[in-house]
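Q: The file below is target.txt, compact mmCIF, C-alpha atoms:
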```
# COMPACT_ATOMS: atom_id res chain seq x y z
CA MET A 1 0.00 0.00 0.00
CA ILE A 2 1.12 3.53 -0.79
CA THR A 3 -0.62 6.45 0.93
CA ILE A 4 -0.53 10.18 0.40
CA GLY A 5 -2.38 12.66 2.57
CA GLU A 6 -3.25 16.32 2.12
CA ALA A 7 -0.63 16.67 -0.62
CA PHE A 8 -1.88 14.87 -3.71
CA HIS A 9 -3.15 18.12 -5.22
CA ARG A 10 0.37 19.59 -4.89
CA VAL A 11 2.35 16.94 -6.77
CA ASP A 12 2.66 15.81 -10.37
CA GLN A 13 -0.17 13.30 -10.02
CA ARG A 14 0.50 11.45 -13.26
CA ARG A 15 4.14 10.91 -12.33
CA VAL A 16 3.32 9.83 -8.77
CA LEU A 17 0.74 7.33 -10.02
CA GLU A 18 3.06 5.96 -12.72
CA ASN A 19 5.70 5.34 -10.05
CA ALA A 20 3.13 3.84 -7.70
CA ARG A 21 2.03 1.39 -10.38
CA ARG A 22 5.68 0.27 -10.77
CA TRP A 23 6.34 0.02 -7.03
CA LEU A 24 3.14 -1.73 -6.02
CA ARG A 25 2.73 -5.46 -6.29
CA PRO A 26 -0.24 -6.64 -8.35
CA GLY A 27 -3.34 -6.07 -6.24
CA GLY A 28 -1.56 -3.43 -4.09
CA THR A 29 -3.44 -0.25 -3.26
CA PHE A 30 -2.84 3.46 -3.61
CA VAL A 31 -4.74 5.60 -1.09
CA VAL A 32 -5.30 9.36 -1.05
CA LEU A 33 -6.31 10.62 2.43
CA GLY A 34 -7.74 13.99 3.33
CA GLY A 35 -9.88 16.02 5.62
CA THR A 36 -11.38 19.47 5.92
CA SER A 37 -13.95 21.43 7.86
CA ASN A 38 -17.52 21.45 6.61
CA PHE A 39 -17.71 25.11 5.58
CA ASP A 40 -20.94 26.95 6.24
CA PRO A 41 -20.71 30.72 5.59
CA ALA A 42 -23.66 31.27 7.96
CA LEU A 43 -21.62 30.15 10.97
CA PRO A 44 -19.98 33.00 12.89
CA LEU A 45 -16.82 30.92 13.45
CA GLN A 46 -16.21 30.33 9.78
CA THR A 47 -17.16 33.85 8.75
CA THR A 48 -14.76 35.26 11.34
CA VAL A 49 -11.92 32.95 10.32
CA ALA A 50 -12.47 33.76 6.64
CA GLU A 51 -12.50 37.53 7.28
CA VAL A 52 -9.29 37.51 9.33
CA VAL A 53 -7.48 35.19 6.92
CA GLN A 54 -8.55 37.36 3.98
CA LYS A 55 -7.36 40.48 5.81
CA TRP A 56 -3.86 39.07 6.37
CA THR A 57 -3.40 37.02 3.18
CA GLY A 58 -5.49 38.82 0.57
CA LEU A 59 -7.14 35.55 -0.44
CA GLU A 60 -10.58 36.10 -1.95
CA ASN A 61 -11.80 32.53 -1.39
CA VAL A 62 -10.42 31.37 1.93
CA PRO A 63 -9.92 27.62 1.76
CA TYR A 64 -11.70 26.70 4.99
CA VAL A 65 -13.32 24.62 2.55
CA SER A 66 -16.66 24.03 0.85
CA GLN A 67 -18.47 20.79 0.08
CA GLU A 68 -18.12 21.63 -3.61
CA PHE A 69 -14.33 21.67 -3.23
CA ILE A 70 -14.39 18.31 -1.43
CA ALA A 71 -16.57 16.72 -4.10
CA GLY A 72 -14.37 18.14 -6.86
CA THR A 73 -11.21 16.89 -5.20
CA VAL A 74 -12.64 13.39 -4.72
CA LYS A 75 -13.77 13.28 -8.36
CA GLN A 76 -10.32 14.45 -9.49
CA CYS A 77 -8.62 11.70 -7.44
CA GLU A 78 -10.97 9.07 -8.84
CA ASP A 79 -10.39 10.29 -12.39
CA GLN A 80 -6.60 10.35 -11.96
CA LEU A 81 -6.54 6.80 -10.58
CA ASN A 82 -8.79 5.60 -13.40
CA ASP A 83 -6.78 7.40 -16.09
CA ASN A 84 -3.58 5.82 -14.75
CA GLY A 85 -4.81 2.24 -14.89
CA PHE A 86 -5.94 1.60 -11.32
CA GLN A 87 -8.98 -0.59 -10.74
CA ASN A 88 -11.69 -1.04 -8.11
CA ILE A 89 -11.62 2.69 -7.36
CA ALA A 90 -13.75 3.78 -4.42
CA SER A 91 -14.08 6.81 -2.19
CA HIS A 92 -15.27 6.84 1.41
CA ARG A 93 -16.15 9.77 3.68
CA PHE A 94 -17.05 10.19 7.33
CA ALA A 95 -17.74 13.12 9.63
CA VAL A 96 -16.16 13.88 12.99
CA HIS A 97 -17.58 16.45 15.39
CA GLN A 98 -15.10 18.30 17.55
CA THR A 99 -14.85 21.23 19.89
CA ARG A 100 -12.14 23.74 18.99
CA THR A 101 -10.56 26.59 20.95
CA LYS A 102 -9.16 29.80 19.51
CA GLU A 103 -5.66 28.40 20.16
CA SER A 104 -6.37 25.18 18.27
CA ILE A 105 -7.84 27.15 15.36
CA VAL A 106 -4.75 29.37 15.15
CA GLY A 107 -2.56 26.25 15.37
CA TYR A 108 -4.51 24.61 12.56
CA LEU A 109 -4.22 27.72 10.39
CA PHE A 110 -0.45 27.85 10.97
CA SER A 111 -0.30 24.27 9.63
CA THR A 112 -1.83 25.27 6.28
CA SER A 113 0.06 26.49 3.25
CA PHE A 114 -1.92 29.72 3.02
CA CYS A 115 -1.49 30.76 6.69
CA SER A 116 1.77 29.12 7.72
CA ARG A 117 4.26 31.20 9.66
CA LYS A 118 6.40 31.17 6.53
CA ALA A 119 3.55 32.44 4.34
CA LEU A 120 2.65 35.17 6.85
CA GLY A 121 6.28 36.09 7.48
CA ASP A 122 6.78 38.94 9.94
CA ASN A 123 2.98 39.22 10.27
CA ALA A 124 2.52 35.75 11.81
CA ASP A 125 2.33 36.88 15.45
CA ALA A 126 0.06 39.82 14.61
CA PHE A 127 -2.18 37.47 12.59
CA ALA A 128 -2.39 35.04 15.55
CA ALA A 129 -3.27 37.87 17.95
CA ASP A 130 -5.90 39.27 15.56
CA MET A 131 -7.44 35.83 15.02
CA ALA A 132 -7.54 35.09 18.77
CA GLU A 133 -9.09 38.50 19.54
CA SER A 134 -11.67 38.16 16.74
CA LEU A 135 -12.63 34.65 17.86
CA SER A 136 -12.91 35.79 21.50
CA LYS A 137 -15.67 38.18 20.41
CA ILE A 138 -17.88 35.27 19.29
CA GLY A 139 -17.10 32.58 21.87
CA SER A 140 -14.59 30.59 23.86
CA SER A 141 -15.10 27.21 22.19
CA PHE A 142 -16.52 26.23 18.84
CA GLU A 143 -18.27 23.12 17.54
CA GLU A 144 -17.23 21.99 14.09
CA GLU A 145 -17.88 19.08 11.80
CA TRP A 146 -14.86 17.85 9.89
CA ILE A 147 -15.10 15.60 6.87
CA PHE A 148 -12.40 12.96 6.43
CA GLY A 149 -12.09 10.48 3.65
CA CYS A 150 -10.03 8.47 1.28
CA THR A 151 -9.97 7.47 -2.35
CA ILE A 152 -8.54 4.03 -3.02
CA GLY A 153 -7.39 2.36 -6.23
CA GLN A 154 -5.97 -1.09 -6.77
CA ASN A 155 -2.99 -1.94 -8.97
CA PRO A 156 -4.26 -4.45 -11.54
CA GLN A 157 -3.40 -8.11 -11.24
CA ARG A 158 -0.93 -9.03 -13.97
```
Represent the supplied structure as structure tokens.

A:
Amino acid sequence: MITIGEAFHRVDQRRVLENARRWLRPGGTFVVLGGTSNFDPALPLQTTVAEVVQKWTGLENVPYVSQEFIAGTVKQCEDQLNDNGFQNIASHRFAVHQTRTKESIVGYLFSTSFCSRKALGDNADAFAADMAESLSKIGSSFEEEWIFGCTIGQNPQR
């Protein structure tokens, strides 16, 4: 089995899958793993996060991510596996409810490519303070639903 998580969209997918087909034994599996929050623009938490991220990054569409994005990403993974000769392709999703704090939200954002300390540069600490202050105005803990899933393809039997 070969797995890749939260990075498949960043690599040369054709090349990765060609190599995977060579490395895997017949019947071996390639798995793409991922997860994201279930974005609802009506929720104060997500609106606040999006506004602060946009303020500090300039991003118009803050990737705190929509169901349409998830569905598109899953379809893209399925298509790539199919186009590269994998068989028995299937995708599975499940939801996890969790309670987040302002600190865990800032920590999560620092782990992303669009709000990493490197991406924010000298503004990272000011961003964290602004996010924490903005979140404090709407609550002290936040309920979220996260969607996790995988897309699996099997290397053909020879």

Q: Of the residues A:Ala90, A:Leu43, A:Leu120, A:Ala95, which is the one nearest to Thr29 (chain A), using all atoms listed in the file?

A: A:Ala90

Q: Could you work out how far CA of Asn61 (chain A) lies from CA of Ile152 (chain A), giving the answer in Å with one decimal?

A: 28.7 Å

Q: Contacts of Ala126 (chain A) at 12 Å or less, counting all atoms listed in the file, minus same-chain residues fewer than 6 places along, as a list of chain:residue names?

A: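 Once the nearby chain positions are removed, what remains is A:Val52, A:Val53, A:Lys55, A:Trp56, A:Val106, A:Arg117, A:Leu120, A:Ala132, A:Glu133.
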
Q: Which is closest to Ser140 (chain A) among A:Thr99, A:Gln80, A:Thr36, A:Thr3, if we use all atoms listed in the file?

A: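 Once distances to Ser140 (chain A) are computed over all atoms listed in the file, the minimum belongs to A:Thr99.
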
Q: So that I can check the surroundings of Gly149 (chain A), please list as a PyMOL selection string every protein, DNA and RNA residue that reaches within 7 Å of it, counting all atoms listed in the file and ignoring chain neighbours fewer than 3 positions away.

A: chain A and resi 33-35+92-94

Q: Enter the distance from CA of Ser113 (chain A) to CA of Asp83 (chain A), in Å, rounded to one decimal.

A: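 Computing the Euclidean distance for CA of Ser113 (chain A) and CA of Asp83 (chain A) yields 28.0 Å.
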
Q: For Gln54 (chain A), list every protein, DNA or RNA residue within 12 Å, evaluated using all atoms listed in the file, and leave out those in the same chain fewer than 5 positions away; present the list as a list of chain:residue names.

A: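 Near neighbours after the sequence-gap exclusion: A:Gln46, A:Thr47, A:Thr48, A:Val49, A:Leu59, A:Glu60, A:Asn61, A:Val62, A:Pro63, A:Tyr64, A:Phe114, A:Cys115, A:Leu120, A:Phe127, A:Met131.
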
Q: Counting all atoms listed in the file, which of A:Arg100, A:Val16, A:Thr57, A:Ile2 gets nearest to Trp146 (chain A)?

A: A:Arg100

Q: Smallest atom-to-atom distance to His9 (chain A): which of A:Ile147, A:Leu24, A:Ala42, A:Cys77, using only C-alpha atoms?

A: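 Distance minimum relative to His9 (chain A) lands on A:Cys77.
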
Q: Compare A:Ala50, A:Leu109, A:Ala7, A:Val74 by their minimum atom-to-atom distance to Thr151 (chain A), counting only C-alpha atoms, and give me the closest one.

A: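 Answer, going by the shortest atom-to-atom distance: A:Val74.
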
Q: Rounded to one decimal place, report the CA of Arg14 (chain A)-CA of Tyr108 (chain A) distance in Å.

A: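 So the answer is 29.4 Å.
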